[in-house]
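Asks: Okay, so here is protein.txt, and as you'll see once you scroll down, it has compact mmCIF, C-alpha atoms.
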```txt
# COMPACT_ATOMS: atom_id res chain seq x y z
CA MET L 15 130.37 71.97 -25.44
CA ASN L 16 129.59 69.00 -27.69
CA LYS L 17 132.23 66.57 -26.50
CA LYS L 18 131.08 63.75 -24.24
CA CYS L 19 132.55 64.14 -20.78
CA TYR L 20 133.01 61.34 -18.26
CA ILE L 21 134.11 61.60 -14.66
CA LEU L 22 135.86 58.35 -13.82
CA MET L 23 136.13 57.12 -10.25
CA ASN L 24 137.73 54.09 -8.66
CA ALA L 25 134.77 52.46 -6.92
CA ASP L 26 136.67 49.77 -5.04
CA GLY L 27 139.98 49.37 -3.31
CA PRO L 28 141.54 51.16 -0.33
CA GLU L 29 141.10 54.67 -1.78
CA GLU L 30 137.46 54.24 -2.78
CA LEU L 31 136.11 56.90 -0.41
CA ALA L 32 138.61 59.53 -1.55
CA SER L 33 137.72 58.79 -5.17
CA ILE L 34 133.98 59.08 -4.56
CA LEU L 35 134.31 62.37 -2.65
CA SER L 36 136.48 63.84 -5.41
CA ALA L 37 134.09 62.69 -8.14
CA LYS L 38 131.03 64.21 -6.46
CA ASP L 39 132.61 67.66 -6.06
CA VAL L 40 134.13 67.61 -9.55
CA PHE L 41 130.76 66.60 -11.02
CA ARG L 42 129.09 69.70 -9.57
CA ALA L 43 131.82 71.97 -10.93
CA VAL L 44 132.00 70.38 -14.38
CA LYS L 45 128.26 70.87 -14.97
CA PHE L 46 129.09 74.49 -15.81
CA PHE L 47 131.20 73.33 -18.79
CA TYR L 48 129.79 69.94 -19.87
CA ASP L 49 126.93 67.53 -19.35
CA PRO L 50 129.07 65.02 -17.45
CA THR L 51 128.46 61.33 -16.81
CA LEU L 52 129.77 59.63 -13.67
CA LEU L 53 131.41 56.30 -14.49
CA LYS L 54 132.13 53.93 -11.60
CA LEU L 55 135.07 51.66 -12.34
CA THR L 56 136.29 48.60 -10.44
CA LYS L 57 139.33 46.40 -10.87
CA ASP L 58 137.09 43.83 -12.55
CA ASN L 59 135.16 46.03 -14.99
CA TRP L 60 137.31 49.08 -15.77
CA PHE L 61 138.90 47.73 -18.95
CA ARG L 62 135.55 46.62 -20.38
CA LYS L 63 133.85 49.93 -19.57
CA ILE L 64 136.63 51.99 -21.16
CA GLN L 65 136.14 50.09 -24.42
CA THR L 66 132.65 51.58 -24.70
CA LEU L 67 133.88 55.19 -24.71
CA ASP L 68 134.05 57.05 -28.01
CA LYS L 69 137.15 58.64 -29.46
CA GLY L 70 136.89 62.37 -28.88
CA SER L 71 135.48 61.99 -25.36
CA ILE L 72 137.08 63.69 -22.38
CA CYS L 73 137.73 61.76 -19.17
CA ILE L 74 138.24 63.55 -15.88
CA LEU L 75 140.13 61.26 -13.55
CA THR L 76 139.29 60.97 -9.88
CA THR L 77 140.64 57.41 -9.90
CA HIS L 78 142.92 57.44 -6.87
CA GLY L 79 145.21 54.43 -6.48
CA ASP L 80 145.59 51.03 -8.14
CA PHE L 81 144.65 50.72 -11.85
CA GLY L 82 143.35 54.29 -11.86
CA GLU L 83 146.66 55.90 -10.94
CA ASN L 84 149.40 53.43 -11.87
CA GLY L 85 149.23 54.15 -15.62
CA SER L 86 147.06 51.18 -16.64
CA LEU L 87 143.87 53.20 -17.17
CA GLN L 88 145.76 56.08 -18.73
CA LYS L 89 147.49 53.81 -21.24
CA VAL L 90 144.21 52.35 -22.50
CA LEU L 91 142.72 55.84 -22.87
CA GLU L 92 145.80 56.96 -24.77
CA ILE L 93 145.66 53.98 -27.13
CA LYS L 94 142.01 54.85 -27.85
CA LYS L 95 142.94 58.53 -28.41
CA ILE L 96 140.65 59.64 -25.59
CA ALA L 97 141.71 62.82 -23.80
CA HIS L 98 142.18 62.53 -20.05
CA THR L 99 143.10 64.88 -17.24
CA HIS L 100 146.31 64.64 -15.24
CA SER L 101 149.57 63.06 -16.35
CA PRO L 102 150.37 60.50 -19.08
CA ALA L 103 150.58 56.79 -18.34
CA THR L 104 154.36 56.61 -18.03
CA VAL L 105 154.44 59.47 -15.53
CA CYS L 106 151.67 57.93 -13.41
CA GLY L 107 153.53 54.61 -13.40
CA ILE L 108 156.62 56.27 -11.96
CA LEU L 109 154.88 58.37 -9.34
CA LEU L 110 152.72 55.60 -7.87
CA ASN L 111 155.82 53.41 -7.52
CA LYS L 112 157.56 54.59 -4.36
CA HIS L 113 160.94 53.20 -5.35
CA LEU L 114 160.92 54.75 -8.85
CA SER L 115 159.68 58.11 -7.60
CA LYS L 116 162.42 58.27 -4.97
CA MET L 117 165.02 57.34 -7.58
CA PHE L 118 163.71 60.22 -9.69
CA TYR L 119 164.01 62.63 -6.75
CA LYS L 120 167.63 61.58 -6.31
CA SER L 121 168.36 62.13 -10.01
CA LEU L 122 167.18 65.74 -9.59
CA GLY L 123 169.26 66.29 -6.44
CA ILE L 124 166.17 66.44 -4.22
CA SER L 125 166.53 65.08 -0.70
CA THR L 126 164.47 62.00 0.15
CA PRO L 127 164.90 59.60 3.08
CA SER L 128 167.23 56.67 2.41
CA TRP L 129 165.47 53.35 1.82
CA TYR L 130 165.80 49.61 1.40
CA PHE L 131 164.11 47.83 -1.50
CA ASN L 132 164.55 44.39 -3.07
CA ASP L 133 167.75 43.65 -1.13
CA ASN L 134 169.38 46.95 -2.05
CA ILE L 135 170.12 50.08 -0.01
CA TYR L 136 169.64 53.52 -1.50
CA GLY L 137 170.84 56.82 -0.10
CA CYS L 138 173.22 55.76 2.66
CA LYS L 139 175.81 53.19 3.70
CA LEU L 140 174.96 49.80 5.16
CA ASN L 141 176.02 50.52 8.75
CA LYS L 142 173.99 53.76 8.85
CA MET L 143 170.93 52.13 7.29
CA PHE L 144 170.58 49.44 9.93
CA SER L 145 171.09 51.79 12.87
CA LYS L 146 167.76 53.45 12.11
CA LYS L 147 164.05 52.86 12.50
CA PHE L 148 161.95 52.43 9.38
CA VAL L 149 158.63 53.30 7.85
CA LYS L 150 157.34 50.30 5.93
CA LYS L 151 155.36 51.33 2.86
CA PRO L 152 153.69 49.28 0.11
CA LEU L 153 155.63 49.72 -3.11
CA LEU L 154 152.44 50.52 -5.04
CA GLY L 155 149.94 52.30 -2.87
CA GLY L 156 148.48 55.55 -1.61
CA SER L 157 150.37 57.76 0.79
CA LYS L 158 148.47 56.79 3.94
CA VAL L 159 147.49 53.23 3.01
CA GLY L 160 149.22 50.32 4.73
CA ILE L 161 152.17 52.19 6.22
CA LYS L 162 153.62 51.42 9.63
CA LYS L 163 156.68 52.09 11.73
CA VAL L 164 158.97 49.09 12.24
CA ASN L 165 162.33 48.36 13.83
CA ASN L 166 163.49 45.66 11.45
CA ILE L 167 163.33 44.69 7.78
CA SER L 168 161.41 41.53 6.90
CA SER L 169 163.29 39.53 4.27
CA GLY L 170 160.12 37.94 2.90
CA ASP L 171 158.52 41.04 1.41
CA VAL L 172 161.36 43.27 0.24
CA ASP L 173 160.05 43.27 -3.33
CA GLN L 174 156.55 44.41 -2.28
CA TYR L 175 157.48 47.14 0.19
CA ILE L 176 160.09 49.81 0.65
CA TYR L 177 161.63 50.36 4.08
CA GLU L 178 162.22 54.09 4.39
CA THR L 179 164.36 55.49 7.18
CA TYR L 180 162.19 57.23 9.74
CA VAL L 181 162.22 61.04 9.63
CA ASP L 182 161.84 62.55 13.08
CA GLY L 183 159.44 65.36 12.30
CA SER L 184 155.70 65.96 12.21
CA ILE L 185 155.37 69.04 9.98
CA GLN L 186 154.16 68.18 6.50
CA ILE L 187 154.42 70.78 3.73
CA SER L 188 152.23 70.02 0.71
CA MET L 189 153.03 71.88 -2.51
CA SER L 190 150.61 71.76 -5.44
CA ILE L 191 151.62 72.50 -9.03
CA LEU L 192 148.95 73.37 -11.61
CA GLY L 193 149.38 73.17 -15.39
CA SER L 194 152.28 71.86 -17.45
CA GLY L 195 155.67 72.86 -18.81
CA GLU L 196 157.04 76.31 -18.16
CA ASN L 197 153.47 77.59 -17.67
CA ALA L 198 153.00 75.46 -14.56
CA LEU L 199 151.98 77.43 -11.48
CA SER L 200 153.03 76.86 -7.88
CA LEU L 201 150.01 77.16 -5.59
CA ALA L 202 150.09 78.26 -1.97
CA PRO L 203 151.39 75.67 0.49
CA VAL L 204 149.28 73.65 2.87
CA ILE L 205 151.21 73.04 6.08
CA ARG L 206 149.97 70.56 8.63
CA LYS L 207 151.25 69.22 11.89
CA ARG L 208 150.50 65.54 11.70
CA PRO L 209 152.36 62.77 13.52
CA LEU L 210 152.91 59.99 11.01
CA PHE L 211 150.61 57.44 12.63
CA ALA L 212 147.98 59.75 14.10
CA ALA L 213 144.54 60.00 12.55
CA SER L 214 144.11 63.64 13.53
CA LYS L 215 145.78 66.53 11.75
CA TYR L 216 145.54 70.27 11.87
CA SER L 217 146.78 73.16 9.76
CA ILE L 218 149.33 75.59 11.06
CA SER L 219 150.14 79.07 9.82
CA TYR L 220 153.00 79.09 7.37
CA ASN L 221 154.10 82.37 8.97
CA LYS L 222 155.63 80.05 11.56
CA ILE L 223 157.78 78.34 8.91
CA ASP L 224 160.88 80.03 7.46
CA GLN L 225 159.95 81.41 4.03
CA ARG L 226 163.16 79.96 2.62
CA ILE L 227 161.93 76.47 3.51
CA ILE L 228 158.59 77.08 1.80
CA ASP L 229 160.34 78.51 -1.28
CA LYS L 230 162.64 75.49 -1.46
CA CYS L 231 159.71 73.06 -1.24
CA GLY L 232 157.91 75.00 -3.99
CA ALA L 233 160.97 74.99 -6.24
CA TRP L 234 161.50 71.25 -5.71
CA ALA L 235 157.83 70.40 -6.35
CA LYS L 236 157.86 72.42 -9.56
CA LYS L 237 161.13 70.82 -10.66
CA ILE L 238 159.63 67.34 -10.17
CA HIS L 239 156.43 68.31 -12.02
CA ILE L 240 158.14 69.88 -15.03
CA SER L 241 161.08 67.45 -15.31
CA LEU L 242 158.81 64.41 -15.35
CA GLY L 243 156.29 65.96 -17.76
CA CYS L 244 153.35 66.09 -15.37
CA ARG L 245 150.07 67.67 -16.40
CA GLY L 246 146.89 68.92 -14.76
CA VAL L 247 147.84 69.07 -11.11
CA THR L 248 150.23 67.24 -8.80
CA LYS L 249 150.89 67.44 -5.07
CA THR L 250 154.26 66.76 -3.48
CA ASP L 251 154.49 66.18 0.26
CA PHE L 252 157.60 67.14 2.18
CA LEU L 253 158.51 66.46 5.79
CA LEU L 254 160.37 69.03 7.86
CA ASP L 255 162.53 67.29 10.45
CA LYS L 256 163.51 68.59 13.87
CA TYR L 257 166.83 69.87 12.46
CA GLY L 258 165.14 72.00 9.80
CA GLU L 259 165.96 69.67 6.91
CA ILE L 260 163.40 69.02 4.15
CA TRP L 261 162.64 65.55 2.79
CA ALA L 262 160.53 64.76 -0.28
CA ILE L 263 158.16 61.92 0.62
CA GLU L 264 155.87 61.45 -2.36
CA THR L 265 154.23 63.09 -5.37
CA ASP L 266 150.60 62.35 -6.19
CA ALA L 267 149.83 62.15 -9.91
CA ILE L 268 146.09 62.21 -9.19
CA PRO L 269 145.71 63.92 -5.82
CA GLY L 270 142.38 64.17 -4.05
CA LEU L 271 140.10 66.77 -5.62
CA SER L 272 137.29 67.15 -3.12
CA LYS L 273 136.73 70.64 -1.79
CA THR L 274 138.39 69.71 1.51
CA ASN L 275 141.57 68.27 -0.04
CA ALA L 276 144.90 70.08 0.00
CA ILE L 277 144.72 70.91 -3.74
CA SER L 278 141.46 72.81 -3.31
CA ILE L 279 142.75 74.60 -0.21
CA SER L 280 145.94 75.58 -2.08
CA ALA L 281 143.92 76.88 -5.02
CA GLU L 282 141.65 78.97 -2.79
CA ARG L 283 144.64 80.48 -0.99
CA SER L 284 146.08 81.32 -4.42
CA GLY L 285 142.93 83.19 -5.48
CA LEU L 286 141.31 80.41 -7.52
CA SER L 287 137.77 79.24 -6.90
CA TYR L 288 137.08 75.51 -6.97
CA ARG L 289 135.36 75.86 -10.34
CA GLU L 290 138.37 77.76 -11.73
CA LEU L 291 140.67 75.02 -10.47
CA VAL L 292 138.67 72.34 -12.26
CA SER L 293 138.52 74.49 -15.40
CA LYS L 294 142.31 74.86 -15.48
CA ILE L 295 142.76 71.10 -15.07
CA LEU L 296 140.38 70.60 -18.00
CA GLN L 297 142.38 73.04 -20.11
CA ASP L 298 145.46 70.83 -19.69
CA VAL L 299 144.04 67.44 -20.76
CA TYR L 300 146.39 64.93 -22.37
CA VAL L 301 145.69 63.00 -25.58
CA GLU L 302 148.32 60.91 -27.33
```
Will you turn the file into structure tokens for me?
Replies:
Amino acid sequence: MNKKCYILMNADGPEELASILSAKDVFRAVKFFYDPTLLKLTKDNWFRKIQTLDKGSICILTTHGDFGENGSLQKVLEIKKIAHTHSPATVCGILLNKHLSKMFYKSLGISTPSWYFNDNIYGCKLNKMFSKKFVKKPLLGGSKVGIKKVNNISSGDVDQYIYETYVDGSIQISMSILGSGENALSLAPVIRKRPLFAASKYSISYNKIDQRIIDKCGAWAKKIHISLGCRGVTKTDFLLDKYGEIWAIETDAIPGLSKTNAISISAERSGLSYRELVSKILQDVYVE
């Protein structure tokens, strides 16, 4: 193909390693379709580097977190009429913001743990909210970055963090959706038993999980993806609590794309090779 292809990665910040691993594996796969160029971006140089790209180029995004996932990078590409993988700027801005994404879940009737943000309570009454333990999460940040379990809410940072009520459960169900609109495909689930604050994790057979629970997670993930206008691929993580209830935790607009990430595992279990996965993401690029 004649179009210039760039693989963009976020080369600094807390999700740097994930971005680099994704970029390396994507680079190997994309060589079958393009002559790709790896472009390392940082918070200090990304805007300047994007200005050098030509209209008509294609950018494959492995820019996890920060400017690479919050809509800033996407908006500049869209203004320059440069095609990029994954979702448009407005969608990325919503999904990286934990408060906005949870508000969107609620608007769709999808269960998500109640939370406290900016001196407001969402999802439950005051007396119930403060009888619980919390998971403190940065408002704008990756799923595993900077989170911790706390017993109280700190009044000094309520506009920078959300305080989510603690879900007593360690089974995480990750559902990946590939494509866009009514043609979007639900990929096979990745189910892991992972205590919230443990570094280790391991997969479990989803034969051990009621199929109705898996189906419900898949339907909810697809509803989020289509309703918000997502493209390329997204991953929504759900927690299954000890009572068998499902809770939507987060949706990644630009999930990890290394061969060991959940997206790649889901694709393989669905009969797609890694190269086919990357090809389908490329077929769904967005240009404004």
Asks: For Gly270 in chain L, which residue among L:Asp26, L:Glu92, L:Asp39, L:Glu196 is the nearest when counting all atoms listed in the file?
Replies: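 Using all atoms listed in the file, the shortest distance to Gly270 in chain L belongs to L:Asp39.
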Asks: Out of L:Ile74, L:Ile185, L:Ala198, L:Val159, which residue has the shortest atom-to-atom distance to Trp261 in chain L when counting all atoms listed in the file?
Replies: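 When distances to Trp261 in chain L are compared using all atoms listed in the file, the smallest one comes from L:Ile185.
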Asks: Excluding same-chain residues fewer than 3 positions from Phe118 in chain L, what lies within 12 Å of it counting all atoms listed in the file, as a list in words?
Replies: Val105, Ile108, Leu109, Asn111, Lys112, His113, Leu114, Ser115, Ser121, Leu122, Gly123, Ile124, Ser125, Thr126, Trp234, Lys237, Ile238, His239, Ser241, Leu242, Ala262, Ile263, Glu264 and Thr265 of chain L
Asks: In Å to one decimal, how far is CA of Ser71 in chain L from CA of Lys95 in chain L?
Replies: 8.8 Å
Asks: Could you tell me how far CA of Ala43 in chain L lies from CA of Val292 in chain L, in Å and to one decimal?
Replies: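 Spanning CA of Ala43 in chain L to CA of Val292 in chain L is a straight-line distance of 7.0 Å.
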Asks: Just checking: using only C-alpha atoms, which residue out of L:Ala97, L:Ile187, L:Leu55, L:Ala233 ends up closest to Phe252 in chain L?
Replies: L:Ile187
Asks: Given all atoms listed in the file as the basis, pick out the residue of L:Asp49, L:Gln174, L:Lys54, L:Val301 nearest to Val90 in chain L.
Replies: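 Closest to Val90 in chain L of all the choices is L:Val301.
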Asks: Could you check how far CA of Leu271 in chain L sits from CA of Ala32 in chain L, in Å to one decimal?
Replies: 8.4 Å
Asks: Would you kindly return, as a list of chain:residue names, each protein, DNA or RNA residue with an atom no farther than 8 Å from any atom of Pro269 in chain L, considering all atoms listed in the file and excluding same-chain residues fewer than 5 positions away?
Replies: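 Contacts, with the query itself left out: L:His78, L:Val247, L:Thr248, L:Lys249, L:Ile277.
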Asks: If you count all atoms listed in the file, which residues fall within 12 Å of Asn59 in chain L, apart from same-chain ones fewer than 3 positions away, as a list in words?
Replies: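 Answer for this query is Asn24, Ala25, Asp26, Leu53, Lys54, Leu55, Thr56, Arg62, Lys63, Ile64, Gln65, Thr66, Phe81 and Leu87 of chain L.
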Asks: Looking at all atoms listed in the file, which of L:Thr179, L:Thr76, L:Thr104, L:Gln186 is the one that sits closest to Gln88 in chain L?
Replies: L:Thr104
Asks: So, counting all atoms listed in the file, which residue among L:Ser169, L:Lys146, L:Ser287, L:Ile176 is closest to Lys116 in chain L?
Replies: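 Once distances to Lys116 in chain L are computed over all atoms listed in the file, the minimum belongs to L:Ile176.
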Asks: Please identify all polymer residues within 9 Å of Gly243 in chain L, counting all atoms listed in the file, omitting same-chain residues fewer than 6 positions from it, and present them as a ChimeraX atom specification.
Replies: /L:101-102,105,194-195
Asks: Quick one: 6 Å padding each side, axis-aligned, all listed atoms of range 43-49 of chain L - centre and edge lengths in Å to one decimal, as lines of an AutoDock Vina configuration file?
Replies:
```
center_x = 129.5
center_y = 71.0
center_z = -15.4
size_x = 17.1
size_y = 19.0
size_z = 20.9
```
